[in-house]
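Data first, discussion second: the structure below is written as structure tokens.
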Amino acid sequence: MLSPDSIAQIDYEIAKYPANQRQSAVMSALRIAQVEKGWLSTETMDFVADYLGMPAIAVYEVATFYNMYNTAPLGRHKITLCTNISCALMGAPEIAEHLKEKLGCGFGETSEDNRFTLKEGECMGACGDAPLCMINNHRMEGFLTPEKVDSILEELK
């Protein structure tokens with residue numbers, strides 16, 4: 001189900017915990033599986049659950065609770081815009097409208113060219129940089145303006 005390299009990475013994460021606490025590595029295991037597969041199918045989550053020796057429902061709960069996990073296929077780039085209070089007060093609603101117009105899709109949707117998926121996110125802990133977004137769960141961009149959004153989108157094409 002997962003490559004030997006991904007299994008080795010998961011084993012490295014498991015080794016950080018006591019031997020009887022393998023399930024503590026669930027978040028890392030899901031991240032590693034998602035990097036390899038692009039998203040977390042039921043089969044992938046079942047594999048992770050079995051590998052960690054935990055009930056599948058417990059893995060599903062983690063995967064559906066956190067917005068960094070994708071339980072459906074996405075566009076090549078996922079843009080998660082924070083719409084929590086600090087970002088909202090600093091212009092996130094306007095940035096959201098600009099993104100929707102530029103991408104031709106709304107929150108929870110993927111652009112027609114399959115390049116971008118737009119997600120709405122909760123606080124990302126960088127309120128001083130508001131409004132901000134996370135790109136592909138790994139890159140944070142703050143102090144967003146329509147011009148900066150256009151530049152980011154152009155770079156990602």
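By order of appearance in the structure tokens: chains A, B, ..., then residues from 1 within every chain, and ligands from 1 in the order shown.
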Test item: residues at most 6 Å from stretch 116-132 of chain A, only C-alpha atoms, excluding those fewer than 6 positions along its chain, as a list in words: Leu74, Gly75, Arg76, His77, Lys78, Ile79, Thr80, Leu81, Cys82, Asn84, Ser86, Cys87, Met90, Ala92, Phe107, Gly108, Glu109, Thr110, Glu141, Gly142, Phe143 and Leu144 of chain A
Selection above as a file: N, CA, C and O atoms, as a PDB file, in the first residue's frame:
```pdb
ATOM      1  N   LEU A  74      -7.540  16.352  -4.693  1.00  0.00           N
ATOM      2  CA  LEU A  74      -7.512  17.814  -4.803  1.00  0.00           C
ATOM      3  C   LEU A  74      -6.806  18.228  -6.079  1.00  0.00           C
ATOM      4  O   LEU A  74      -6.210  17.414  -6.771  1.00  0.00           O
ATOM      5  N   GLY A  75      -6.824  19.532  -6.310  1.00  0.00           N
ATOM      6  CA  GLY A  75      -6.019  20.087  -7.386  1.00  0.00           C
ATOM      7  C   GLY A  75      -4.543  19.976  -7.021  1.00  0.00           C
ATOM      8  O   GLY A  75      -4.182  19.580  -5.911  1.00  0.00           O
ATOM      9  N   ARG A  76      -3.699  20.350  -7.949  1.00  0.00           N
ATOM     10  CA  ARG A  76      -2.254  20.248  -7.723  1.00  0.00           C
ATOM     11  C   ARG A  76      -1.810  21.081  -6.522  1.00  0.00           C
ATOM     12  O   ARG A  76      -0.904  20.708  -5.796  1.00  0.00           O
ATOM     13  N   HIS A  77      -2.454  22.232  -6.310  1.00  0.00           N
ATOM     14  CA  HIS A  77      -2.101  23.116  -5.201  1.00  0.00           C
ATOM     15  C   HIS A  77      -3.324  23.374  -4.339  1.00  0.00           C
ATOM     16  O   HIS A  77      -4.374  23.752  -4.851  1.00  0.00           O
ATOM     17  N   LYS A  78      -3.167  23.181  -3.037  1.00  0.00           N
ATOM     18  CA  LYS A  78      -4.245  23.477  -2.090  1.00  0.00           C
ATOM     19  C   LYS A  78      -3.925  24.809  -1.421  1.00  0.00           C
ATOM     20  O   LYS A  78      -2.849  24.979  -0.847  1.00  0.00           O
ATOM     21  N   ILE A  79      -4.861  25.732  -1.515  1.00  0.00           N
ATOM     22  CA  ILE A  79      -4.719  27.023  -0.853  1.00  0.00           C
ATOM     23  C   ILE A  79      -5.761  27.077   0.254  1.00  0.00           C
ATOM     24  O   ILE A  79      -6.959  27.008  -0.008  1.00  0.00           O
ATOM     25  N   THR A  80      -5.281  27.177   1.492  1.00  0.00           N
ATOM     26  CA  THR A  80      -6.169  27.257   2.646  1.00  0.00           C
ATOM     27  C   THR A  80      -6.089  28.670   3.200  1.00  0.00           C
ATOM     28  O   THR A  80      -5.051  29.083   3.717  1.00  0.00           O
ATOM     29  N   LEU A  81      -7.169  29.393   3.064  1.00  0.00           N
ATOM     30  CA  LEU A  81      -7.224  30.783   3.521  1.00  0.00           C
ATOM     31  C   LEU A  81      -7.806  30.826   4.925  1.00  0.00           C
ATOM     32  O   LEU A  81      -8.882  30.290   5.179  1.00  0.00           O
ATOM     33  N   CYS A  82      -7.096  31.473   5.832  1.00  0.00           N
ATOM     34  CA  CYS A  82      -7.616  31.657   7.182  1.00  0.00           C
ATOM     35  C   CYS A  82      -8.729  32.697   7.131  1.00  0.00           C
ATOM     36  O   CYS A  82      -8.555  33.782   6.575  1.00  0.00           O
ATOM     37  N   ASN A  84     -10.526  33.213  10.156  1.00  0.00           N
ATOM     38  CA  ASN A  84     -10.818  33.454  11.557  1.00  0.00           C
ATOM     39  C   ASN A  84     -10.762  34.955  11.846  1.00  0.00           C
ATOM     40  O   ASN A  84     -10.417  35.751  10.984  1.00  0.00           O
ATOM     41  N   SER A  86      -8.974  37.426  13.355  1.00  0.00           N
ATOM     42  CA  SER A  86      -7.900  38.370  13.034  1.00  0.00           C
ATOM     43  C   SER A  86      -7.748  38.549  11.530  1.00  0.00           C
ATOM     44  O   SER A  86      -7.630  39.673  11.040  1.00  0.00           O
ATOM     45  N   CYS A  87      -7.769  37.447  10.814  1.00  0.00           N
ATOM     46  CA  CYS A  87      -7.652  37.536   9.358  1.00  0.00           C
ATOM     47  C   CYS A  87      -8.881  38.206   8.753  1.00  0.00           C
ATOM     48  O   CYS A  87      -8.766  38.999   7.816  1.00  0.00           O
ATOM     49  N   MET A  90      -8.658  41.831   9.057  1.00  0.00           N
ATOM     50  CA  MET A  90      -7.579  42.401   8.246  1.00  0.00           C
ATOM     51  C   MET A  90      -7.782  42.199   6.741  1.00  0.00           C
ATOM     52  O   MET A  90      -6.872  42.446   5.968  1.00  0.00           O
ATOM     53  N   ALA A  92      -9.493  39.235   5.071  1.00  0.00           N
ATOM     54  CA  ALA A  92      -9.676  37.899   4.498  1.00  0.00           C
ATOM     55  C   ALA A  92     -10.935  37.767   3.643  1.00  0.00           C
ATOM     56  O   ALA A  92     -10.885  37.100   2.597  1.00  0.00           O
ATOM     57  N   PHE A 107     -14.900  27.877  -1.851  1.00  0.00           N
ATOM     58  CA  PHE A 107     -14.303  27.055  -0.806  1.00  0.00           C
ATOM     59  C   PHE A 107     -14.777  25.610  -0.952  1.00  0.00           C
ATOM     60  O   PHE A 107     -15.944  25.340  -1.204  1.00  0.00           O
ATOM     61  N   GLY A 108     -13.839  24.686  -0.810  1.00  0.00           N
ATOM     62  CA  GLY A 108     -14.162  23.269  -0.926  1.00  0.00           C
ATOM     63  C   GLY A 108     -14.260  22.787  -2.361  1.00  0.00           C
ATOM     64  O   GLY A 108     -14.679  21.655  -2.601  1.00  0.00           O
ATOM     65  N   GLU A 109     -13.854  23.628  -3.295  1.00  0.00           N
ATOM     66  CA  GLU A 109     -13.941  23.269  -4.722  1.00  0.00           C
ATOM     67  C   GLU A 109     -12.564  23.346  -5.375  1.00  0.00           C
ATOM     68  O   GLU A 109     -11.639  23.956  -4.839  1.00  0.00           O
ATOM     69  N   THR A 110     -12.481  22.743  -6.543  1.00  0.00           N
ATOM     70  CA  THR A 110     -11.239  22.731  -7.317  1.00  0.00           C
ATOM     71  C   THR A 110     -11.464  23.467  -8.625  1.00  0.00           C
ATOM     72  O   THR A 110     -12.521  23.344  -9.246  1.00  0.00           O
ATOM     73  N   GLU A 141       1.828  32.145   3.658  1.00  0.00           N
ATOM     74  CA  GLU A 141       1.973  33.466   3.057  1.00  0.00           C
ATOM     75  C   GLU A 141       1.092  34.432   3.829  1.00  0.00           C
ATOM     76  O   GLU A 141      -0.100  34.195   3.991  1.00  0.00           O
ATOM     77  N   GLY A 142       1.689  35.525   4.309  1.00  0.00           N
ATOM     78  CA  GLY A 142       0.941  36.501   5.078  1.00  0.00           C
ATOM     79  C   GLY A 142       0.869  37.846   4.405  1.00  0.00           C
ATOM     80  O   GLY A 142       1.409  38.046   3.316  1.00  0.00           O
ATOM     81  N   PHE A 143       0.200  38.763   5.092  1.00  0.00           N
ATOM     82  CA  PHE A 143       0.011  40.128   4.600  1.00  0.00           C
ATOM     83  C   PHE A 143      -0.547  40.114   3.175  1.00  0.00           C
ATOM     84  O   PHE A 143      -0.062  40.818   2.286  1.00  0.00           O
ATOM     85  N   LEU A 144      -1.554  39.266   2.957  1.00  0.00           N
ATOM     86  CA  LEU A 144      -2.101  39.087   1.615  1.00  0.00           C
ATOM     87  C   LEU A 144      -2.827  40.336   1.123  1.00  0.00           C
ATOM     88  O   LEU A 144      -3.578  40.970   1.858  1.00  0.00           O
TER      89      LEU A 144
END
```
If you run DSSP on the backbone, which residues of chain A are strand (DSSP E or B), as a list in words?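 So the strand (DSSP E or B) residues in chain A would be His77, Lys78, Ile79, Thr80, Leu81, Cys82, Glu109, Thr110, Phe116, Thr117, Leu118, Lys119, Glu120, Gly121, Cys133, Met134, Ile135, Arg139, Met140 and Glu141 of chain A.
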Identify, on the basis of only C-alpha atoms, every residue whose closest approach to stretch 45-50 of chain A does not exceed 9 Å; exclude the query and any residue fewer than 2 positions from it along the same chain; express the result as a PDB file with N, CA and C atoms, in the first residue's frame.
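Dumped everything to around.pdb:
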```pdb
ATOM      1  N   MET A   1       0.831  -1.199   0.000  1.00  0.00           N
ATOM      2  CA  MET A   1       0.000   0.000   0.000  1.00  0.00           C
ATOM      3  C   MET A   1       0.874   1.262   0.000  1.00  0.00           C
ATOM      4  N   LEU A   2       1.905   1.295   0.842  1.00  0.00           N
ATOM      5  CA  LEU A   2       2.844   2.422   0.851  1.00  0.00           C
ATOM      6  C   LEU A   2       4.232   1.917   0.472  1.00  0.00           C
ATOM      7  N   GLN A  23       0.216   4.088  18.227  1.00  0.00           N
ATOM      8  CA  GLN A  23      -0.846   4.936  17.699  1.00  0.00           C
ATOM      9  C   GLN A  23      -0.527   6.420  17.869  1.00  0.00           C
ATOM     10  N   VAL A  26       0.104   8.520  14.716  1.00  0.00           N
ATOM     11  CA  VAL A  26      -0.942   8.552  13.684  1.00  0.00           C
ATOM     12  C   VAL A  26      -0.881   9.819  12.828  1.00  0.00           C
ATOM     13  N   ALA A  29       2.054   9.526  10.520  1.00  0.00           N
ATOM     14  CA  ALA A  29       1.825   8.472   9.521  1.00  0.00           C
ATOM     15  C   ALA A  29       0.860   8.944   8.444  1.00  0.00           C
ATOM     16  N   LEU A  30      -0.186   9.654   8.839  1.00  0.00           N
ATOM     17  CA  LEU A  30      -1.133  10.179   7.851  1.00  0.00           C
ATOM     18  C   LEU A  30      -0.461  11.211   6.945  1.00  0.00           C
ATOM     19  N   ALA A  33       1.741   9.303   4.504  1.00  0.00           N
ATOM     20  CA  ALA A  33       0.912   8.612   3.505  1.00  0.00           C
ATOM     21  C   ALA A  33       0.341   9.608   2.504  1.00  0.00           C
ATOM     22  N   LEU A  40      -5.822  11.019   1.183  1.00  0.00           N
ATOM     23  CA  LEU A  40      -6.021   9.851   2.037  1.00  0.00           C
ATOM     24  C   LEU A  40      -7.325   9.138   1.692  1.00  0.00           C
ATOM     25  N   SER A  41      -7.216   8.091   0.922  1.00  0.00           N
ATOM     26  CA  SER A  41      -8.390   7.271   0.609  1.00  0.00           C
ATOM     27  C   SER A  41      -8.719   6.414   1.826  1.00  0.00           C
ATOM     28  N   THR A  42      -9.905   5.827   1.824  1.00  0.00           N
ATOM     29  CA  THR A  42     -10.292   4.920   2.905  1.00  0.00           C
ATOM     30  C   THR A  42      -9.294   3.774   2.997  1.00  0.00           C
ATOM     31  N   GLU A  43      -8.852   3.269   1.859  1.00  0.00           N
ATOM     32  CA  GLU A  43      -7.903   2.164   1.851  1.00  0.00           C
ATOM     33  C   GLU A  43      -6.576   2.572   2.492  1.00  0.00           C
ATOM     34  N   LEU A  52      -0.542   0.702  12.526  1.00  0.00           N
ATOM     35  CA  LEU A  52      -0.336   1.251  13.868  1.00  0.00           C
ATOM     36  C   LEU A  52      -1.064   0.449  14.946  1.00  0.00           C
ATOM     37  N   GLY A  53      -1.869  -0.526  14.517  1.00  0.00           N
ATOM     38  CA  GLY A  53      -2.585  -1.358  15.475  1.00  0.00           C
ATOM     39  C   GLY A  53      -3.685  -0.615  16.202  1.00  0.00           C
ATOM     40  N   MET A  54      -4.443   0.164  15.463  1.00  0.00           N
ATOM     41  CA  MET A  54      -5.531   0.929  16.079  1.00  0.00           C
ATOM     42  C   MET A  54      -6.795   0.807  15.249  1.00  0.00           C
ATOM     43  N   PRO A  55      -7.963   1.094  15.823  1.00  0.00           N
ATOM     44  CA  PRO A  55      -9.211   1.000  15.059  1.00  0.00           C
ATOM     45  C   PRO A  55      -9.232   2.001  13.900  1.00  0.00           C
ATOM     46  N   ALA A  56      -9.758   1.570  12.777  1.00  0.00           N
ATOM     47  CA  ALA A  56      -9.830   2.449  11.607  1.00  0.00           C
ATOM     48  C   ALA A  56     -10.604   3.721  11.910  1.00  0.00           C
ATOM     49  N   ILE A  57     -11.669   3.617  12.693  1.00  0.00           N
ATOM     50  CA  ILE A  57     -12.476   4.795  13.004  1.00  0.00           C
ATOM     51  C   ILE A  57     -11.646   5.867  13.704  1.00  0.00           C
ATOM     52  N   ALA A  58     -10.690   5.464  14.527  1.00  0.00           N
ATOM     53  CA  ALA A  58      -9.831   6.429  15.218  1.00  0.00           C
ATOM     54  C   ALA A  58      -8.953   7.189  14.219  1.00  0.00           C
ATOM     55  N   VAL A  59      -8.506   6.507  13.188  1.00  0.00           N
ATOM     56  CA  VAL A  59      -7.715   7.157  12.141  1.00  0.00           C
ATOM     57  C   VAL A  59      -8.606   8.095  11.328  1.00  0.00           C
ATOM     58  N   TYR A  60      -9.821   7.659  11.002  1.00  0.00           N
ATOM     59  CA  TYR A  60     -10.757   8.515  10.263  1.00  0.00           C
ATOM     60  C   TYR A  60     -11.055   9.784  11.048  1.00  0.00           C
ATOM     61  N   ALA A  63      -8.128  12.138  10.620  1.00  0.00           N
ATOM     62  CA  ALA A  63      -8.032  12.630   9.241  1.00  0.00           C
ATOM     63  C   ALA A  63      -9.133  13.626   8.889  1.00  0.00           C
TER      64      ALA A  63
END
```
With a distance cut-off of 8 Å and only C-alpha atoms, select the neighbouring residues of stretch 145-153 of chain A, excluding the residue or stretch itself and same-chain residues fewer than 5 positions from it, and output the selection as a compact mmCIF listing (two decimals) with all heavy atoms, in the first residue's frame.
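So the final result, stored in result-v9.txt, reads:
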```txt
# COMPACT_ATOMS: atom_id res chain seq x y z
N ILE A 95 -10.00 39.00 0.29
CA ILE A 95 -9.05 38.08 -0.34
C ILE A 95 -9.78 36.82 -0.81
O ILE A 95 -9.51 36.30 -1.90
CB ILE A 95 -7.90 37.72 0.63
CG1 ILE A 95 -7.08 38.97 1.00
CG2 ILE A 95 -7.01 36.62 0.06
CD1 ILE A 95 -6.43 39.67 -0.17
N HIS A 98 -11.51 37.60 -4.00
CA HIS A 98 -10.53 37.71 -5.08
C HIS A 98 -10.07 36.32 -5.53
O HIS A 98 -10.00 36.04 -6.74
CB HIS A 98 -9.33 38.55 -4.60
CG HIS A 98 -8.32 38.81 -5.65
ND1 HIS A 98 -8.54 39.70 -6.68
CD2 HIS A 98 -7.09 38.27 -5.87
CE1 HIS A 98 -7.47 39.72 -7.48
NE2 HIS A 98 -6.59 38.85 -7.01
N LEU A 99 -9.77 35.43 -4.58
CA LEU A 99 -9.36 34.07 -4.92
C LEU A 99 -10.46 33.34 -5.67
O LEU A 99 -10.19 32.66 -6.67
CB LEU A 99 -8.98 33.30 -3.66
CG LEU A 99 -7.57 33.50 -3.14
CD1 LEU A 99 -7.44 33.00 -1.70
CD2 LEU A 99 -6.56 32.80 -4.04
```
Å distance separating atom CA of A:Ile135 from atom CA of A:Lys157, one decimal place: 13.0 Å
Find, counting only C-alpha atoms, the residue in A:Lys37, A:Lys100, A:His138, A:Lys16 that gets nearest to A:Thr71.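 The shortest atom-to-atom distance to A:Thr71 comes from A:Lys37.
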Taking the DSSP assignment computed from this structure's backbone, write out as a PyMOL selection string all residues of stretch 22-148 of chain A that belong to alpha helix (DSSP H). chain A and resi 26-37+42-52+56-65+85-89+92-103+146-148
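The list of residues with at least one atom within 12 Å of A:Gln9, based on only C-alpha atoms and without residues fewer than 4 positions apart in the same chain, reads A:Leu2, A:Ser3, A:Pro4, A:Asp5, A:Glu13, A:Ile14, A:Ala15, A:Lys16, A:Ala25, A:Ser28, A:Ala29, A:Leu30, A:Arg31, A:Ile32, A:Ala33, A:Val35, A:Glu36.
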Just to be explicit: take each residue in the selection above, keep all heavy atoms, and write the result as a short mmCIF file (atom, residue, chain, number, x, y, z; two decimals), in the first residue's frame.
```
data_model
loop_
_atom_site.label_atom_id
_atom_site.label_comp_id
_atom_site.auth_asym_id
_atom_site.auth_seq_id
_atom_site.Cartn_x
_atom_site.Cartn_y
_atom_site.Cartn_z
N LEU A 2 1.91 1.29 0.84
CA LEU A 2 2.84 2.42 0.85
C LEU A 2 4.23 1.92 0.47
O LEU A 2 4.57 0.76 0.70
CB LEU A 2 2.89 3.08 2.23
CG LEU A 2 1.63 3.81 2.68
CD1 LEU A 2 1.80 4.34 4.10
CD2 LEU A 2 1.27 4.95 1.74
N SER A 3 5.02 2.80 -0.06
CA SER A 3 6.37 2.43 -0.50
C SER A 3 7.25 2.10 0.70
O SER A 3 6.99 2.54 1.83
CB SER A 3 6.99 3.59 -1.27
OG SER A 3 7.27 4.67 -0.38
N PRO A 4 8.33 1.36 0.46
CA PRO A 4 9.27 1.05 1.54
C PRO A 4 9.83 2.33 2.19
O PRO A 4 10.05 2.36 3.40
CB PRO A 4 10.37 0.24 0.85
CG PRO A 4 9.68 -0.40 -0.32
CD PRO A 4 8.67 0.63 -0.77
N ASP A 5 10.03 3.37 1.40
CA ASP A 5 10.53 4.62 1.95
C ASP A 5 9.53 5.24 2.93
O ASP A 5 9.91 5.70 4.00
CB ASP A 5 10.85 5.61 0.82
CG ASP A 5 11.43 6.90 1.34
OD1 ASP A 5 12.44 6.86 2.07
OD2 ASP A 5 10.86 7.97 1.05
N GLU A 13 9.01 7.59 12.92
CA GLU A 13 8.09 8.33 13.78
C GLU A 13 7.61 7.46 14.94
O GLU A 13 7.50 7.93 16.08
CB GLU A 13 6.90 8.86 12.98
CG GLU A 13 7.27 9.87 11.91
CD GLU A 13 7.92 11.13 12.46
OE1 GLU A 13 7.49 11.59 13.55
OE2 GLU A 13 8.84 11.66 11.83
N ILE A 14 7.30 6.21 14.67
CA ILE A 14 6.86 5.28 15.72
C ILE A 14 7.92 5.14 16.81
O ILE A 14 7.60 5.08 18.01
CB ILE A 14 6.51 3.91 15.12
CG1 ILE A 14 5.25 4.01 14.24
CG2 ILE A 14 6.34 2.85 16.20
CD1 ILE A 14 4.97 2.77 13.41
N ALA A 15 9.19 5.13 16.40
CA ALA A 15 10.29 4.93 17.35
C ALA A 15 10.40 6.08 18.37
O ALA A 15 11.07 5.93 19.39
CB ALA A 15 11.60 4.77 16.59
N LYS A 16 9.73 7.17 18.14
CA LYS A 16 9.77 8.31 19.06
C LYS A 16 8.91 8.07 20.31
O LYS A 16 8.98 8.83 21.26
CB LYS A 16 9.29 9.58 18.36
CG LYS A 16 10.20 10.02 17.24
CD LYS A 16 9.62 11.25 16.55
CE LYS A 16 10.50 11.69 15.40
NZ LYS A 16 9.93 12.86 14.69
N ALA A 25 1.84 7.91 16.73
CA ALA A 25 2.43 8.37 15.47
C ALA A 25 1.39 8.55 14.37
O ALA A 25 1.74 8.76 13.21
CB ALA A 25 3.51 7.39 15.02
N SER A 28 1.66 11.78 12.13
CA SER A 28 2.83 11.70 11.24
C SER A 28 2.62 10.67 10.15
O SER A 28 2.97 10.90 8.99
CB SER A 28 4.08 11.37 12.04
OG SER A 28 4.38 12.40 12.94
N ALA A 29 2.05 9.53 10.52
CA ALA A 29 1.82 8.47 9.52
C ALA A 29 0.86 8.94 8.44
O ALA A 29 1.06 8.68 7.25
CB ALA A 29 1.30 7.21 10.21
N LEU A 30 -0.19 9.65 8.84
CA LEU A 30 -1.13 10.18 7.85
C LEU A 30 -0.46 11.21 6.94
O LEU A 30 -0.70 11.24 5.73
CB LEU A 30 -2.35 10.78 8.54
CG LEU A 30 -3.32 9.78 9.16
CD1 LEU A 30 -4.38 10.51 9.99
CD2 LEU A 30 -3.97 8.91 8.11
N ARG A 31 0.37 12.07 7.53
CA ARG A 31 1.08 13.06 6.72
C ARG A 31 1.98 12.38 5.69
O ARG A 31 1.99 12.74 4.51
CB ARG A 31 1.90 13.99 7.63
CG ARG A 31 2.73 15.02 6.86
CD ARG A 31 3.67 15.79 7.78
NE ARG A 31 4.49 14.96 8.64
CZ ARG A 31 5.59 14.32 8.26
NH1 ARG A 31 6.01 14.38 7.01
NH2 ARG A 31 6.29 13.60 9.13
N ILE A 32 2.72 11.38 6.12
CA ILE A 32 3.63 10.66 5.23
C ILE A 32 2.84 9.96 4.13
O ILE A 32 3.21 10.02 2.95
CB ILE A 32 4.47 9.66 6.05
CG1 ILE A 32 5.44 10.43 6.96
CG2 ILE A 32 5.21 8.68 5.14
CD1 ILE A 32 6.02 9.61 8.10
N ALA A 33 1.74 9.30 4.50
CA ALA A 33 0.91 8.61 3.51
C ALA A 33 0.34 9.61 2.50
O ALA A 33 0.30 9.34 1.30
CB ALA A 33 -0.21 7.84 4.20
N VAL A 35 1.59 12.53 1.62
CA VAL A 35 2.65 13.02 0.73
C VAL A 35 2.87 12.03 -0.41
O VAL A 35 3.00 12.42 -1.57
CB VAL A 35 3.96 13.29 1.51
CG1 VAL A 35 5.13 13.48 0.58
CG2 VAL A 35 3.79 14.51 2.42
N GLU A 36 2.86 10.75 -0.09
CA GLU A 36 3.07 9.74 -1.13
C GLU A 36 1.88 9.63 -2.07
O GLU A 36 2.04 9.58 -3.29
CB GLU A 36 3.36 8.38 -0.52
CG GLU A 36 3.54 7.31 -1.60
CD GLU A 36 3.89 5.94 -1.06
OE1 GLU A 36 4.63 5.86 -0.07
OE2 GLU A 36 3.42 4.96 -1.65
#
```
Would you work out the distance separating atom CA of A:Tyr69 from atom CA of A:Trp39, expressed in Å to one decimal?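 Distance reported for this atom pair: 7.3 Å.
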